[in-house]
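Student: What follows is a single structure, and I will ask about it in a moment.
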Amino acid sequence: MWRAYRVFHACKSTSKIVNSQRKRVIIYKLLLSLHSVYEKMNKKMMTIGVDYTGRLGNQLFIYSYVRSLMERLPQCDYQVVANFRRSYGGSSEDGFTDSLKYFHVQPYRIEDVNLEWQYGSFKQRMVYLAYELLQRIPLTREWDSLQRLLRHVLEHFNFYFSDGDDAARPIGHLHKDSIFVRGFFQDRRNFDAIRSILLEELSPVFPPLECNKELYDVAAQPNSVCVTVRRGDYLSAQNKKNFYVCTPEYFEKAIALLCQHVEAPTFIFFSDDKEWVREHMSVPDRPCYYENVDTPVWESLRLMYSCHHFIISNSTFSWWAQYLGRRADKLVICPSRWYANEWRTNLIDDSFMLVDV
């Protein structure tokens with residue numbers, strides 16, 4: 001009897017111990033869950049602040065640089081906040097608006113604020129303030145050296161600015177603070193490593209327009225040639241001295257050069273002055289097609305990069321058409337200089353065939 005009582009008492013004590021341990025485990029797990037929720041609520045999400053400038057061609061360069069930067073980020077939560085500045089006095093009717101929304105790009109949010117001041121840490125704000133003050137000082141001597149030093153300092157604080165210099169900008173060590181991107185970044189070395197990603201993401205979200213079925217059929221042929229003629233603001237008195245390089249004589253030479261390398265080519269003309277091109281540009285004895293007057297910008301880009309070969313203007317939109325072209329054996333003909341002045345560029349690839357201008 002006494003032995004049975006001892007066994008019963010031992011079992012009862014063990015049950016109490018087990019129940020007590022279970023309660024401790026439950027409480028511990030509950031505390032861990034509460035701590036995790038608290039950390040998520042108080043965790044500061046990394047922000048990538050992007051200043052977009054210009055029309056679609058420029059926006060694609062900036063996006064591609066940001067996209068390559070995103071590939072370098074550690075596994076962490078981040079948001080992309082964009083500010084679309086309508087530069088050069090351009091209006092939304094002229095294309096100075098958010099054109100990335102027409103493509104399969106990574107999610108972003110638009111805010112009309114000073115991104116550096118809104119999302120920067122205290123240190124970043126102070127560095128940015130010093131940078132803005134220096135920009136207002138009329139310095140001329142040793143300005144290039146000072147800019148290089150400034151960039152080195154800025155990049156240490158996650159500022160990737162490209163003011164007046166579009167050379168390749170390698171991405172250094174990224175800190176936990178917000179990241180800010182400003183500039184044009186017009187050098188394929190900034191994003192060539194992710195070209196396969198860009199080919200997917202820089203395709204329009206809308207299907208091809210039915211009215212362009214014939215043009216798509218023509219573009220799919222192995223002898224199709226995309227000819228982009230940039231006119232518009234390049235012909236203004238203010239811009240002509242800097243940008244008007246691709247004259248009618250340039251296109252005559254470029255077409256003649258291409259005909260030497262492509263058998264029986266078929267030409268599709270694209271332009272920001274479509275009516276002028278229809279009236280003044282053609283190729284004797286060769287089929288010529290012209291994009292419709294009311295073609296949206298996203299459809300124009302897809303039609304352009306669907307072609308096999310390219311005769312481009314000194315235009316970023318024109319450059320992107322050939323870069324997104326899928327054919328490995330494509331020929332690209334380009335003017336021998338990008339600007340009508342002494343400005344430098346990294347947009348003329350070694351693989352391009354050049355026409356002296």
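The chains in the structure tokens are called A, B, ... from first to last as shown; in each chain the residues are counted from 1, and the ligands are counted from 1 in the order shown.
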Which polymer residues have any atom within 12 Å of an atom of Pro222 of chain A, counting only C-alpha atoms, with same-chain residues fewer than 5 positions away left out, as a PyMOL selection string?
Tutor: chain A and resi 217+262-267+306-309+326-331
Student: Among segment 166-276 of chain A, which residues carry a DSSP assignment of alpha helix (DSSP H), reported as a PyMOL selection string?
Tutor: chain A and resi 195-201+213-219+237-243+248-259+274-276
Student: Segment 99-101 of chain A: which residues within 9 Å, counting only C-alpha atoms, same-chain residues fewer than 3 positions away excluded, as JSON, numbers by chain?
Tutor: {"A": [55, 56, 59, 60, 63, 95, 96, 104, 105, 202, 204, 205, 297, 298]}
Student: Mind listing the strand (DSSP E or B) residues of segment 56-161 of chain A, per DSSP on the backbone, as a list in words?
Tutor: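 Across segment 56-161 of chain A, those assigned strand (DSSP E or B) are Tyr78, Gln79, Val80, Val81, Ala82, Asn83, Phe84, Arg85, Phe103, Arg109, Ile110, Phe159, Tyr160 and Phe161 of chain A.
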Student: Rank nothing, just name the residue among A:Gln260, A:Ser162, A:Asn242, A:Ser121 nearest to Trp338 of chain A, using only C-alpha atoms.
Tutor: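 For Trp338 of chain A, the nearest of the given residues is A:Asn242.
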Student: Can you tell me, as a list in words, what residues are no more than 10 Å from segment 286-296 of chain A when counting only C-alpha atoms, ignoring any on the same chain fewer than 6 positions away?
Tutor: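 Everything that qualifies: Leu209, Cys211, Asn212, Glu214, Leu215, Val218, Ala219, Ser224, Val225, Cys226, Val227, Ala264, Pro265, Thr266, Phe267, Ile268, Phe269, Phe270, Ser271, Asp272, Asp273, Lys274, Glu275, Val277, Arg278, Leu303 and Met304 of chain A.
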Student: Between A:Thr345, A:Ser203, A:Gln75, A:Asn114, which residue has the minimum interatomic distance to Ser300 of chain A, considering only C-alpha atoms?
Tutor: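 Smallest separation from Ser300 of chain A among the options: A:Ser203.
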Student: Using only C-alpha atoms, find each residue of segment 42-79 of chain A with at least one atom at most 12 Å away from an atom of segment 191-201 of chain A; report its shortest atom-to-atom pair and that distance in Å (one decimal), sort the rows by chain and rising residue number, and return the result as a Markdown table.
Tutor:
```
| residue | atom | partner | partner_atom | distance |
| --- | --- | --- | --- | --- |
| A:Leu60 | CA | A:Leu198 | CA | 9.6 |
| A:Phe61 | CA | A:Phe191 | CA | 8.8 |
| A:Ile62 | CA | A:Phe191 | CA | 10.0 |
| A:Tyr63 | CA | A:Leu198 | CA | 9.6 |
| A:Ser64 | CA | A:Phe191 | CA | 6.0 |
| A:Tyr65 | CA | A:Phe191 | CA | 5.8 |
| A:Val66 | CA | A:Phe191 | CA | 8.8 |
| A:Arg67 | CA | A:Phe191 | CA | 7.8 |
| A:Ser68 | CA | A:Phe191 | CA | 5.6 |
| A:Leu69 | CA | A:Phe191 | CA | 8.8 |
| A:Met70 | CA | A:Ile194 | CA | 10.7 |
| A:Glu71 | CA | A:Ile194 | CA | 8.6 |
| A:Arg72 | CA | A:Ile194 | CA | 11.1 |
```
Student: Excluding same-chain residues fewer than 4 positions from Met45 of chain A, what lies within 8 Å of it counting only C-alpha atoms, as a PyMOL selection string?
Tutor: chain A and resi 77-79
Student: Could you dump the residues just selected with all heavy atoms as a compact mmCIF listing (two decimals), in the first residue's frame?
Tutor:
```txt
# COMPACT_ATOMS: atom_id res chain seq x y z
N ASP A 77 14.76 44.24 -46.51
CA ASP A 77 13.58 44.92 -47.02
C ASP A 77 13.96 46.32 -47.49
O ASP A 77 14.68 47.04 -46.80
CB ASP A 77 12.52 45.02 -45.92
CG ASP A 77 12.01 43.64 -45.49
OD1 ASP A 77 11.97 42.75 -46.35
OD2 ASP A 77 11.65 43.48 -44.31
N TYR A 78 13.47 46.70 -48.64
CA TYR A 78 13.73 48.05 -49.13
C TYR A 78 12.57 48.52 -49.98
O TYR A 78 11.76 47.73 -50.49
CB TYR A 78 15.04 48.12 -49.92
CG TYR A 78 15.08 47.26 -51.16
CD1 TYR A 78 14.59 47.72 -52.38
CD2 TYR A 78 15.63 45.98 -51.11
CE1 TYR A 78 14.63 46.94 -53.51
CE2 TYR A 78 15.67 45.19 -52.24
CZ TYR A 78 15.18 45.68 -53.44
OH TYR A 78 15.21 44.90 -54.55
N GLN A 79 12.47 49.80 -50.12
CA GLN A 79 11.46 50.42 -50.98
C GLN A 79 12.16 51.36 -51.95
O GLN A 79 13.20 51.94 -51.64
CB GLN A 79 10.46 51.20 -50.13
CG GLN A 79 11.08 52.33 -49.32
CD GLN A 79 10.08 53.10 -48.51
OE1 GLN A 79 8.88 52.94 -48.67
NE2 GLN A 79 10.56 53.96 -47.62
```
Student: Figure out the distance between atom CA of Asn190 of chain A and atom CA of Ala254 of chain A, please, to one decimal in Å.
Tutor: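 That distance, rounded to one decimal, is 28.4 Å.
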Student: Would you work out the distance separating atom CA of Lys241 of chain A from atom CA of Tyr339 of chain A, expressed in Å to one decimal?
Tutor: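 Value for the atom CA of Lys241 of chain A-atom CA of Tyr339 of chain A distance: 8.7 Å.
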Student: What does the distance between atom CA of Gly183 of chain A and atom CA of Asp51 of chain A come to in Å, to one decimal place?
Tutor: 7.5 Å
Student: Find, counting only C-alpha atoms, the residue in A:Leu235, A:Ile333, A:Ile48, A:Leu73 that gets nearest to Thr247 of chain A.
Tutor: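 Ranked by minimum distance to Thr247 of chain A, first place goes to A:Leu235.
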